[in-house]
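Okay, run_12.pdb now, which holds PDB, C-alpha atoms and all ligand atoms:
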```pdb
MODEL        1
ATOM      1  CA  MET A   1     109.855  60.931  90.486
ATOM      2  CA  ALA A   2     108.603  57.353  90.494
ATOM      3  CA  ASP A   3     111.534  56.382  88.315
ATOM      4  CA  GLN A   4     113.975  57.890  90.750
ATOM      5  CA  ASN A   5     112.521  55.768  93.542
ATOM      6  CA  ASN A   6     112.871  52.686  91.386
ATOM      7  CA  ILE A   7     116.537  53.400  90.835
ATOM      8  CA  GLU A   8     117.047  53.225  94.587
ATOM      9  CA  GLU A   9     115.130  49.983  94.918
ATOM     10  CA  PHE A  10     117.654  47.422  93.653
ATOM     11  CA  PHE A  11     121.379  46.817  93.632
ATOM     12  CA  ASN A  12     123.131  46.315  90.307
ATOM     13  CA  VAL A  13     123.771  42.668  89.585
ATOM     14  CA  GLU A  14     126.377  40.882  87.530
ATOM     15  CA  TRP A  15     125.733  37.234  86.748
ATOM     16  CA  ILE A  16     128.869  35.155  86.263
ATOM     17  CA  SER A  17     127.167  31.773  85.747
ATOM     18  CA  CYS A  18     123.611  30.379  85.837
ATOM     19  CA  ASP A  19     123.822  30.020  89.621
ATOM     20  CA  ILE A  20     126.011  32.838  90.873
ATOM     21  CA  CYS A  21     125.821  36.608  90.778
ATOM     22  CA  PHE A  22     127.493  39.535  92.471
ATOM     23  CA  LEU A  23     125.570  42.513  93.795
ATOM     24  CA  PHE A  24     127.122  45.934  93.310
ATOM     25  CA  GLY A  25     126.081  49.245  94.765
ATOM     26  CA  GLN A  26     127.557  52.668  95.189
ATOM     27  CA  ASP A  27     126.749  52.592  98.855
ATOM     28  CA  HIS A  28     127.511  49.618 101.050
ATOM     29  CA  PHE A  29     125.272  46.735 101.951
ATOM     30  CA  ASP A  30     123.490  48.090 105.013
ATOM     31  CA  ASP A  31     120.093  48.183 103.351
ATOM     32  CA  THR A  32     118.604  44.730 103.970
ATOM     33  CA  LYS A  33     115.310  45.692 102.336
ATOM     34  CA  ARG A  34     117.094  46.571  99.124
ATOM     35  CA  ILE A  35     119.158  43.384  99.243
ATOM     36  CA  VAL A  36     115.981  41.303  99.652
ATOM     37  CA  ALA A  37     114.214  43.231  96.883
ATOM     38  CA  THR A  38     117.170  42.546  94.584
ATOM     39  CA  ALA A  39     117.137  38.859  95.553
ATOM     40  CA  LYS A  40     113.436  38.602  94.715
ATOM     41  CA  LYS A  41     113.880  40.325  91.394
ATOM     42  CA  GLU A  42     116.785  38.039  90.440
ATOM     43  CA  GLU A  43     115.145  34.910  91.943
ATOM     44  CA  LEU A  44     117.998  34.290  94.357
ATOM     45  CA  SER A  45     117.544  31.930  97.299
ATOM     46  CA  ILE A  46     120.431  33.133  99.385
ATOM     47  CA  ILE A  47     122.622  36.204  99.579
ATOM     48  CA  VAL A  48     126.012  35.988 101.246
ATOM     49  CA  VAL A  49     126.932  39.322 102.811
ATOM     50  CA  ILE A  50     130.483  40.088 103.913
ATOM     51  CA  LYS A  51     130.846  43.227 105.989
ATOM     52  CA  GLU A  52     133.385  44.170 108.595
ATOM     53  CA  GLY A  53     132.578  43.053 112.140
ATOM     54  CA  ARG A  54     129.697  40.697 111.320
ATOM     55  CA  ARG A  55     129.530  37.234 112.821
ATOM     56  CA  SER A  56     128.621  34.219 110.681
ATOM     57  CA  VAL A  57     124.906  33.644 110.862
ATOM     58  CA  MET A  58     122.210  32.509 108.467
ATOM     59  CA  PHE A  59     118.694  33.850 108.888
ATOM     60  CA  PHE A  60     115.460  34.801 107.170
ATOM     61  CA  PRO A  61     115.301  38.583 106.950
ATOM     62  CA  GLU A  62     111.569  38.521 106.263
ATOM     63  CA  GLU A  63     108.637  36.530 107.511
ATOM     64  CA  ASN A  64     108.266  34.561 104.311
ATOM     65  CA  ASN A  65     110.961  31.916 104.418
ATOM     66  CA  ASP A  66     112.008  32.062 100.770
ATOM     67  CA  ILE A  67     115.109  34.166 100.961
ATOM     68  CA  ARG A  68     117.994  33.688 103.328
ATOM     69  CA  LEU A  69     120.719  36.085 104.282
ATOM     70  CA  TYR A  70     124.072  34.645 105.287
ATOM     71  CA  THR A  71     126.452  37.069 106.909
ATOM     72  CA  PHE A  72     129.856  35.445 106.632
ATOM     73  CA  SER A  73     132.677  36.530 108.908
ATOM     74  CA  LEU A  74     136.299  36.658 107.749
ATOM     75  CA  SER A  75     139.166  36.044 110.155
ATOM     76  CA  GLU A  76     141.220  38.834 108.563
ATOM     77  CA  TYR A  77     138.730  41.197 106.964
ATOM     78  CA  PRO A  78     138.782  42.212 104.119
ATOM     79  CA  HIS A  79     141.199  39.459 103.072
ATOM     80  CA  ILE A  80     139.412  36.181 102.335
ATOM     81  CA  ASN A  81     141.635  33.141 102.911
ATOM     82  CA  PHE A  82     141.669  29.856 100.978
ATOM     83  CA  TRP A  83     139.645  28.001 103.586
ATOM     84  CA  GLU A  84     136.974  30.701 103.615
ATOM     85  CA  ILE A  85     136.870  30.588  99.826
ATOM     86  CA  LYS A  86     136.403  26.825  99.989
ATOM     87  CA  GLN A  87     133.505  27.289 102.417
ATOM     88  CA  LEU A  88     131.720  29.616 100.006
ATOM     89  CA  LEU A  89     132.445  27.348  97.036
ATOM     90  CA  SER A  90     130.945  24.438  99.007
ATOM     91  CA  LEU A  91     127.906  26.602  99.642
ATOM     92  CA  ILE A  92     127.560  27.307  95.912
ATOM     93  CA  SER A  93     127.751  23.635  94.940
ATOM     94  CA  TYR A  94     125.396  22.608  97.741
ATOM     95  CA  GLU A  95     122.812  25.250  96.832
ATOM     96  CA  SER A  96     123.077  24.478  93.089
ATOM     97  CA  LYS A  97     122.410  20.828  93.834
ATOM     98  CA  TYR A  98     119.008  21.889  95.132
ATOM     99  CA  GLY A  99     118.428  24.237  92.198
ATOM    100  CA  ARG A 100     119.011  27.420  94.160
ATOM    101  CA  LYS A 101     120.852  30.540  93.087
ATOM    102  CA  VAL A 102     123.348  32.443  95.224
ATOM    103  CA  GLY A 103     124.134  36.167  95.304
ATOM    104  CA  PHE A 104     127.247  37.701  96.864
ATOM    105  CA  ALA A 105     127.266  41.157  98.386
ATOM    106  CA  PHE A 106     130.728  42.126  99.589
ATOM    107  CA  ASP A 107     131.402  45.535 101.079
ATOM    108  CA  SER A 108     135.091  45.544 100.247
ATOM    109  CA  PRO A 109     136.416  45.598  96.682
ATOM    110  CA  ILE A 110     139.386  43.547  97.990
ATOM    111  CA  THR A 111     137.148  40.643  99.084
ATOM    112  CA  ASN A 112     135.220  40.992  95.871
ATOM    113  CA  ALA A 113     138.266  40.847  93.613
ATOM    114  CA  ILE A 114     139.791  37.780  95.339
ATOM    115  CA  PHE A 115     136.538  35.819  95.370
ATOM    116  CA  PHE A 116     135.605  36.844  91.844
ATOM    117  CA  GLU A 117     138.868  35.271  90.602
ATOM    118  CA  ALA A 118     138.340  32.196  92.806
ATOM    119  CA  VAL A 119     134.906  31.309  91.415
ATOM    120  CA  LYS A 120     136.326  31.373  87.913
ATOM    121  CA  LYS A 121     138.934  28.732  88.894
ATOM    122  CA  PRO A 122     137.412  26.839  91.804
ATOM    123  CA  GLY A 123     139.370  23.554  91.411
ATOM    124  CA  ARG A 124     142.476  24.450  93.377
ATOM    125  CA  PHE A 125     140.518  25.633  96.424
ATOM    126  CA  MET A 126     138.549  22.420  96.783
ATOM    127  CA  ARG A 127     141.728  20.624  97.899
ATOM    128  CA  GLU A 128     142.276  23.114 100.713
ATOM    129  CA  ILE A 129     142.394  21.433 104.135
ATOM    130  CA  ILE A 130     140.816  22.897 107.218
ATOM    131  CA  PRO A 131     143.002  24.924 109.626
ATOM    132  CA  ASN A 132     143.210  23.570 113.215
ATOM    133  CA  ARG A 133     141.719  26.767 114.562
ATOM    134  CA  ILE A 134     139.460  29.352 112.958
ATOM    135  CA  ASN A 135     139.790  32.798 114.540
ATOM    136  CA  GLY A 136     137.146  35.420 115.066
ATOM    137  CA  CYS A 137     134.138  33.089 115.529
ATOM    138  CA  GLY A 138     131.137  34.593 117.313
ATOM    139  CA  ASP A 139     129.719  31.215 118.370
ATOM    140  CA  CYS A 140     132.595  29.215 119.859
ATOM    141  CA  ASN A 141     134.178  29.502 123.297
ATOM    142  CA  ASN A 142     137.052  32.021 123.329
ATOM    143  CA  LYS A 143     136.025  33.145 119.817
ATOM    144  CA  VAL A 144     138.041  30.370 118.171
ATOM    145  CA  CYS A 145     136.563  27.276 116.474
ATOM    146  CA  ILE A 146     138.731  24.273 117.317
ATOM    147  CA  THR A 147     138.234  21.991 114.365
ATOM    148  CA  LYS A 148     139.569  18.609 115.496
ATOM    149  CA  TYR A 149     136.185  17.570 116.887
ATOM    150  CA  VAL A 150     132.564  18.183 116.059
ATOM    151  CA  CYS A 151     129.632  17.894 118.433
ATOM    152  CA  PHE A 152     125.980  16.932 118.235
ATOM    153  CA  THR A 153     124.049  18.427 121.149
ATOM    154  CA  THR A 154     120.674  17.184 122.292
ATOM    155  CA  ASN A 155     118.389  16.760 125.285
ATOM    156  CA  ILE A 156     118.148  13.800 127.650
ATOM    157  CA  GLU A 157     114.979  12.293 126.095
ATOM    158  CA  THR A 158     116.598  12.098 122.662
ATOM    159  CA  THR A 159     119.770  10.730 124.238
ATOM    160  CA  LYS A 160     117.699   7.877 125.634
ATOM    161  CA  ASN A 161     116.417   7.076 122.106
ATOM    162  CA  ILE A 162     119.919   7.222 120.685
ATOM    163  CA  PHE A 163     121.256   4.790 123.265
ATOM    164  CA  GLN A 164     118.313   2.438 122.855
ATOM    165  CA  ASN A 165     118.717   2.377 119.055
ATOM    166  CA  GLY A 166     122.531   2.389 119.112
ATOM    167  CA  MET A 167     122.444   5.014 116.360
ATOM    168  CA  ILE A 168     121.657   8.675 115.639
ATOM    169  CA  LYS A 169     118.925   9.274 113.076
ATOM    170  CA  TYR A 170     118.052  12.577 111.426
ATOM    171  CA  THR A 171     114.759  12.493 113.321
ATOM    172  CA  ASP A 172     116.786  12.844 116.536
ATOM    173  CA  CYS A 173     117.866  16.290 115.424
ATOM    174  CA  ILE A 174     115.843  19.259 116.539
ATOM    175  CA  SER A 175     115.838  21.125 113.283
ATOM    176  CA  THR A 176     115.960  24.834 113.857
ATOM    177  CA  ASP A 177     118.401  25.284 111.043
ATOM    178  CA  THR A 178     117.581  27.718 108.260
ATOM    179  CA  ILE A 179     118.548  25.497 105.325
ATOM    180  CA  PRO A 180     115.348  24.096 103.746
ATOM    181  CA  GLU A 181     116.176  20.363 103.674
ATOM    182  CA  SER A 182     117.916  20.411 107.074
ATOM    183  CA  SER A 183     115.246  18.202 108.583
ATOM    184  CA  LYS A 184     116.792  15.290 106.664
ATOM    185  CA  PHE A 185     120.165  15.674 108.342
ATOM    186  CA  ILE A 186     121.903  15.541 111.680
ATOM    187  CA  PHE A 187     123.987  18.673 111.773
ATOM    188  CA  PHE A 188     127.200  19.035 113.711
ATOM    189  CA  LYS A 189     128.929  22.080 115.155
ATOM    190  CA  TRP A 190     132.559  22.440 116.183
ATOM    191  CA  GLY A 191     133.460  20.672 119.437
ATOM    192  CA  ASN A 192     133.732  23.905 121.432
ATOM    193  CA  CYS A 193     130.744  25.652 119.854
ATOM    194  CA  LEU A 194     127.942  27.117 121.981
ATOM    195  CA  ILE A 195     125.201  26.958 119.336
ATOM    196  CA  GLY A 196     123.825  23.508 120.234
ATOM    197  CA  ASP A 197     123.206  24.459 123.844
ATOM    198  CA  LEU A 198     121.942  27.913 122.864
ATOM    199  CA  LEU A 199     119.330  26.341 120.569
ATOM    200  CA  LEU A 200     118.240  23.893 123.252
ATOM    201  CA  SER A 201     117.893  26.678 125.796
ATOM    202  CA  GLU A 202     115.860  28.760 123.318
ATOM    203  CA  LEU A 203     113.494  25.856 122.745
ATOM    204  CA  ASN A 204     113.136  25.493 126.502
ATOM    205  CA  ASN A 205     112.711  29.156 127.266
ATOM    206  CA  GLU A 206     109.342  28.528 128.901
ATOM    207  CA  ASP A 207     110.933  25.999 131.169
ATOM    208  CA  GLU A 208     112.778  27.568 134.075
ATOM    209  CA  ASP A 209     114.521  24.294 134.792
ATOM    210  CA  TYR A 210     116.484  24.258 131.561
ATOM    211  CA  ASN A 211     119.418  21.910 131.920
ATOM    212  CA  PHE A 212     122.562  21.837 129.875
ATOM    213  CA  GLY A 213     122.645  19.628 126.789
ATOM    214  CA  VAL A 214     124.133  16.193 126.224
ATOM    215  CA  HIS A 215     127.179  16.335 123.932
ATOM    216  CA  PHE A 216     128.095  13.605 121.455
ATOM    217  CA  TYR A 217     131.631  14.211 120.175
ATOM    218  CA  PHE A 218     133.181  12.879 116.977
ATOM    219  CA  LYS A 219     136.435  13.488 115.151
ATOM    220  CA  TYR A 220     135.839  15.820 112.246
ATOM    221  CA  LYS A 221     138.002  13.754 109.883
ATOM    222  CA  ASP A 222     135.871  10.655 110.588
ATOM    223  CA  LEU A 223     132.645  12.461 109.729
ATOM    224  CA  TYR A 224     134.233  14.290 106.795
ATOM    225  CA  ASN A 225     134.627  10.909 105.092
ATOM    226  CA  TYR A 226     131.374   9.429 106.390
ATOM    227  CA  SER A 227     128.813   8.064 103.982
ATOM    228  CA  GLY A 228     126.284  10.728 102.968
ATOM    229  CA  ALA A 229     128.308  13.623 104.456
ATOM    230  CA  GLU A 230     127.274  16.992 103.044
ATOM    231  CA  PHE A 231     129.014  20.363 103.247
ATOM    232  CA  ASP A 232     126.710  23.323 102.959
ATOM    233  CA  GLY A 233     129.255  26.053 103.682
ATOM    234  CA  TYR A 234     127.499  26.811 106.959
ATOM    235  CA  ASN A 235     127.573  23.745 109.223
ATOM    236  CA  PRO A 236     130.963  21.986 109.573
ATOM    237  CA  VAL A 237     129.323  18.783 108.311
ATOM    238  CA  LYS A 238     125.892  17.176 108.172
ATOM    239  CA  ILE A 239     124.974  13.522 107.813
ATOM    240  CA  PRO A 240     121.658  11.684 107.381
ATOM    241  CA  GLU A 241     122.405   8.921 109.880
ATOM    242  CA  ILE A 242     125.178   7.587 112.140
ATOM    243  CA  SER A 243     124.446   3.863 112.232
ATOM    244  CA  ASN A 244     127.656   2.525 113.784
ATOM    245  CA  LEU A 245     127.782   4.801 116.823
ATOM    246  CA  GLY A 246     129.992   2.438 118.841
ATOM    247  CA  GLU A 247     132.702   2.480 116.180
ATOM    248  CA  ILE A 248     132.841   6.179 115.558
ATOM    249  CA  LEU A 249     131.797   8.072 118.697
ATOM    250  CA  THR A 250     134.729   9.727 120.527
ATOM    251  CA  ALA A 251     132.838  10.516 123.728
ATOM    252  CA  CYS A 252     129.438  11.425 125.131
ATOM    253  CA  VAL A 253     129.275  13.904 128.014
ATOM    254  CA  ILE A 254     126.097  14.077 130.107
ATOM    255  CA  PRO A 255     125.196  16.287 133.097
ATOM    256  CA  LYS A 256     125.622  14.092 136.176
ATOM    257  CA  LYS A 257     122.108  14.756 137.480
ATOM    258  CA  TYR A 258     120.743  12.446 134.729
ATOM    259  CA  TYR A 259     122.800   9.465 135.827
ATOM    260  CA  SER A 260     119.981   7.404 137.335
ATOM    261  CA  LYS A 261     117.618   8.296 134.485
ATOM    262  CA  ILE A 262     119.921   7.193 131.683
ATOM    263  CA  PHE A 263     122.612   4.824 132.923
ATOM    264  CA  SER A 264     120.661   1.606 132.328
ATOM    265  CA  CYS A 265     120.046   2.612 128.671
ATOM    266  CA  ILE A 266     123.726   2.943 127.720
ATOM    267  CA  PRO A 267     124.763   0.096 125.392
ATOM    268  CA  GLU A 268     127.679  -1.965 126.670
ATOM    269  CA  ASN A 269     129.994  -0.952 123.822
ATOM    270  CA  LEU A 270     129.588   2.729 124.725
ATOM    271  CA  GLN A 271     129.868   2.513 128.506
ATOM    272  CA  ASP A 272     133.598   3.348 128.560
ATOM    273  CA  ILE A 273     133.173   6.573 126.624
ATOM    274  CA  VAL A 274     130.102   8.042 128.311
ATOM    275  CA  TYR A 275     131.037  10.542 131.038
ATOM    276  CA  PHE A 276     128.736  11.994 133.671
ATOM    277  CA  ILE A 277     130.004  15.419 134.734
ATOM    278  CA  ASP A 278     128.776  17.626 137.530
ATOM    279  CA  ASP A 279     127.384  20.862 136.098
ATOM    280  CA  GLN A 280     126.551  22.478 139.441
ATOM    281  CA  ASP A 281     129.368  24.996 139.176
ATOM    282  CA  CYS A 282     128.422  25.958 135.620
ATOM    283  CA  GLN A 283     126.713  29.347 135.686
ATOM    284  CA  LYS A 284     126.515  29.822 131.940
ATOM    285  CA  ILE A 285     126.387  27.745 128.761
ATOM    286  CA  GLU A 286     130.034  28.734 128.105
ATOM    287  CA  ASP A 287     131.066  27.009 131.362
ATOM    288  CA  TRP A 288     129.270  23.789 130.493
ATOM    289  CA  VAL A 289     130.616  23.719 126.930
ATOM    290  CA  GLN A 290     134.130  24.233 128.295
ATOM    291  CA  ILE A 291     133.968  21.537 130.974
ATOM    292  CA  ALA A 292     132.306  19.004 128.633
ATOM    293  CA  TYR A 293     134.866  19.710 125.909
ATOM    294  CA  GLU A 294     137.820  19.380 128.307
ATOM    295  CA  THR A 295     136.475  16.089 129.666
ATOM    296  CA  MET A 296     136.260  14.680 126.149
ATOM    297  CA  VAL A 297     139.779  15.879 125.178
ATOM    298  CA  GLU A 298     141.361  14.522 128.384
ATOM    299  CA  ASN A 299     139.834  11.114 127.769
ATOM    300  CA  ASP A 300     140.532  10.884 124.051
ATOM    301  CA  ILE A 301     143.829   9.047 124.110
TER     302      ILE A 301
HETATM  303 ZN    ZN B   1     133.075  28.661 115.843
ENDMDL
END
```
Have the structure of the file written as structure tokens, please.
Amino acid sequence: MADQNNIEEFFNVEWISCDICFLFGQDHFDDTKRIVATAKKEELSIIVVIKEGRRSVMFFPEENNDIRLYTFSLSEYPHINFWEIKQLLSLISYESKYGRKVGFAFDSPITNAIFFEAVKKPGRFMREIIPNRINGCGDCNNKVCITKYVCFTTNIETTKNIFQNGMIKYTDCISTDTIPESSKFIFFKWGNCLIGDLLLSELNNEDEDYNFGVHFYFKYKDLYNYSGAEFDGYNPVKIPEISNLGEILTACVIPKKYYSKIFSCIPENLQDIVYFIDDQDCQKIEDWVQIAYETMVENDI
């Protein structure tokens, strides 16, 4: 009887290299407990789960923060496209760099077969360039990531520091990210993504007067080639430090109510690209993200 219970406890695992394995099971991957138990047994740090209808999110399924689950959404489930493959290959190389092992648990044999072939010949996917739009995102306005710009979102106190220093340091980033060494990076989300403001509002949930975040926008291609840029397969890009802010910033959009508090701190070389926008008509975070994004696009000539 005990043996029978043990059989149910873990998924079957096939290792294809020192760092990567695939989980297999007769039933599908709904059983998080069993996934975590398998991860512990195999000493995995992260398990990427692809199931229909899941949004992309990385989280700790248990209170101990050793094992992460990353549900990865596909724009055309169960087909996994070249860009999505590249994302997961970036995740593998990033995690291996820190000595961590990755498990993949895919519900569909179609996803499994395509990705299984891809990891055996990863070279050709690494040249894949990002599409302009990524469909089916659960975090961006209108469910589409628009990839021309990325955004760093922060509060007004940190904005003051950034302006006074003329640079963004990793210490300016409120690290609520789930990747262990994230505190050493500034992480960026797509220009029209809601996550930055959602995180700020969560951190301020005691404070009834939560105000919308300040948005620093950059062109993705500029940060893609920036010194120290890292690609973890989760954030669009992360960077330890932006030292030449004046040369690389596309725009900064700030809620107008902060004008008197912050205007005198803005360095001269940034004054033309800092915009104060009225957020009084914004009911929700979506509204603020939209209006801030549109302001930046209109002014980026
Ligand atoms: Zn998105």
Exercise. Looking at all atoms listed in the file, which of A:Asn142, A:Thr159, A:Thr32, A:Ser17 is the one that sits closest to ligand ZN 1 (chain B)?
Worked result: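 Smallest separation from ligand ZN 1 (chain B) among the options: A:Asn142.
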Exercise. For the file shown, what are the residues hit by the PyMOL selection byres (((chain A and resi 153-156) around 6) and not hetatm), laid out as a ChimeraX atom specification?
Worked result: /A:152,157-159,196,213-215
For this session: Pull out every residue that the PyMOL selection byres (((chain A and resi 274) around 12) and not hetatm) matches in the shown coordinates and put them as a PyMOL selection string.
Result: chain A and resi 159+163+214-217+246+249-256+259+262-263+265-273+275-277+292+295-296+299-300
Using only C-alpha atoms and all ligand atoms, tabulate the residues of chain A lying at most 7 Å from any atom of ligand ZN 1 (chain B), each with its closest atom pair and that distance in Å to one decimal, by chain and increasing residue number, as a tab-separated table.
```
residue	atom	partner	partner_atom	distance
A:Cys137	CA	B:ZN1	ZN	4.6
A:Gly138	CA	B:ZN1	ZN	6.4
A:Asp139	CA	B:ZN1	ZN	4.9
A:Cys140	CA	B:ZN1	ZN	4.1
A:Lys143	CA	B:ZN1	ZN	6.7
A:Val144	CA	B:ZN1	ZN	5.7
A:Cys145	CA	B:ZN1	ZN	3.8
A:Trp190	CA	B:ZN1	ZN	6.3
A:Cys193	CA	B:ZN1	ZN	5.5
```
Suppose we keep C-alpha atoms; can you now write the selection as a PDB file, in the coordinates of the input?
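As written to disk, again-v3.pdb reads:
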```pdb
ATOM      1  CA  CYS A 137     134.138  33.089 115.529  1.00  0.00           C
ATOM      2  CA  GLY A 138     131.137  34.593 117.313  1.00  0.00           C
ATOM      3  CA  ASP A 139     129.719  31.215 118.370  1.00  0.00           C
ATOM      4  CA  CYS A 140     132.595  29.215 119.859  1.00  0.00           C
ATOM      5  CA  LYS A 143     136.025  33.145 119.817  1.00  0.00           C
ATOM      6  CA  VAL A 144     138.041  30.370 118.171  1.00  0.00           C
ATOM      7  CA  CYS A 145     136.563  27.276 116.474  1.00  0.00           C
ATOM      8  CA  TRP A 190     132.559  22.440 116.183  1.00  0.00           C
ATOM      9  CA  CYS A 193     130.744  25.652 119.854  1.00  0.00           C
TER      10      CYS A 193
END
```
Exercise. Which residue out of A:Asn165, A:Ser90, A:Ser56, A:Asn132 has the minimum interatomic distance to Val119 (chain A) when all atoms listed in the file are used?
Worked result: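 Distance minimum relative to Val119 (chain A) lands on A:Ser90.
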For this session: Name the residues captured by the PyMOL selection byres (((chain A and resi 172) around 9) and not hetatm) when it is applied to the shown file; answer as a VMD selection string.
Result: chain A and resid 154 158 to 159 161 to 162 168 to 171 173 to 175 186
Problem set entry | One-decimal distance in Å that lies between CA of Lys121 (chain A) and CA of Ala39 (chain A) |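 So the two atoms, CA of Ala39 (chain A) and CA of Lys121 (chain A), lie 24.9 Å apart.
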Missing atoms in region 224-243 of chain A should be modelled up to N, CA and C atoms and reported as a compact mmCIF listing (two decimals), in the coordinates of the input.
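Listed below is the output, selection22.txt:
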```txt
# COMPACT_ATOMS: atom_id res chain seq x y z
N TYR A 224 133.95 13.70 108.11
CA TYR A 224 134.23 14.29 106.80
C TYR A 224 134.14 13.21 105.71
N ASN A 225 134.61 12.01 106.07
CA ASN A 225 134.63 10.91 105.09
C ASN A 225 133.43 9.98 105.25
N TYR A 226 132.49 10.33 106.08
CA TYR A 226 131.37 9.43 106.39
C TYR A 226 130.37 9.38 105.24
N SER A 227 129.77 8.23 105.09
CA SER A 227 128.81 8.06 103.98
C SER A 227 127.65 9.07 104.09
N GLY A 228 127.39 9.76 103.00
CA GLY A 228 126.28 10.73 102.97
C GLY A 228 126.63 12.10 103.52
N ALA A 229 127.91 12.32 103.88
CA ALA A 229 128.31 13.62 104.46
C ALA A 229 128.09 14.74 103.43
N GLU A 230 127.53 15.84 103.91
CA GLU A 230 127.27 16.99 103.04
C GLU A 230 127.93 18.23 103.66
N PHE A 231 128.37 19.13 102.80
CA PHE A 231 129.01 20.36 103.25
C PHE A 231 128.26 21.53 102.63
N ASP A 232 127.57 22.27 103.49
CA ASP A 232 126.71 23.32 102.96
C ASP A 232 127.33 24.71 103.09
N GLY A 233 128.59 24.75 103.55
CA GLY A 233 129.26 26.05 103.68
C GLY A 233 128.80 26.82 104.91
N TYR A 234 128.00 26.16 105.75
CA TYR A 234 127.50 26.81 106.96
C TYR A 234 127.77 25.93 108.18
N ASN A 235 127.25 24.71 108.17
CA ASN A 235 127.57 23.74 109.22
C ASN A 235 128.90 23.06 108.88
N PRO A 236 129.71 22.69 109.89
CA PRO A 236 130.96 21.99 109.57
C PRO A 236 130.72 20.73 108.74
N VAL A 237 129.69 19.97 109.08
CA VAL A 237 129.32 18.78 108.31
C VAL A 237 127.90 18.39 108.71
N LYS A 238 127.17 17.77 107.79
CA LYS A 238 125.89 17.18 108.17
C LYS A 238 125.74 15.82 107.50
N ILE A 239 125.02 14.94 108.19
CA ILE A 239 124.97 13.52 107.81
C ILE A 239 123.56 13.00 108.07
N PRO A 240 123.03 12.17 107.16
CA PRO A 240 121.66 11.68 107.38
C PRO A 240 121.52 10.75 108.58
N GLU A 241 122.56 9.94 108.84
CA GLU A 241 122.40 8.92 109.88
C GLU A 241 123.77 8.40 110.32
N ILE A 242 123.95 8.22 111.64
CA ILE A 242 125.18 7.59 112.14
C ILE A 242 124.75 6.22 112.66
N SER A 243 125.00 5.17 111.86
CA SER A 243 124.45 3.86 112.23
C SER A 243 125.39 3.06 113.12
```
